[in-house]
Structures are given as C-alpha cells and as structure tokens.
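This report concerns only the one structure given below.
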Amino acid sequence: MDTLKAFGLAGFLFFLIKGLMWVVLFALVAKGVVSKDQVNRFKDLLKFRRHSGGDND
C-alpha cells in the first residue's frame, strides 16, 4: 500500500510540475520573451514520430 501511495504522489507531482511549466511557457510567449516559432520548433523536437507497422500505406 505504501508503494501505491508513493506512485500516486510521484504522478501528482509530475503532472503538477508539467502543468506549471506550460503556464510559464504561455506567459513567456504572451510577454514576447519567447517567440511562437521557437515554441513550435521545441514542440517538434518533443514529438514522437509514429511509424505504421505495415506496408499498406
């Protein structure tokens, strides 16, 4: 049970920090510190490329 609580706390903290980072990013874009082009380039770096498994494309 303690392990489950630890995973729950870790998950909560992960999503809390992730959400706060998005808020900070949007604030930086709104203030003009970071351009939308820079954000789009960063998002492209983070995207996982999906490849189809078959040859039926």
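Chain labels follow the order of the structure tokens: the first chain is A, the next B, and so on; residue numbering restarts at 1 in every chain, and ligands are counted from 1 in their shown order.
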
(request) Identify all residues of chain A in alpha helix (DSSP H) (DSSP on the backbone) and supply them as a ChimeraX atom specification. (result) /A:2-31,36-46

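For stretch 11-27 of chain A, the non-local neighbours within 12 Å, defined as residues at least 6 positions apart in the same chain or in other chains and counting only C-alpha atoms, are Leu4, Lys5, Val33, Val34, Ser35, Lys36, Gln38, Val39, Asn40, Phe42 and Lys43 of chain A.
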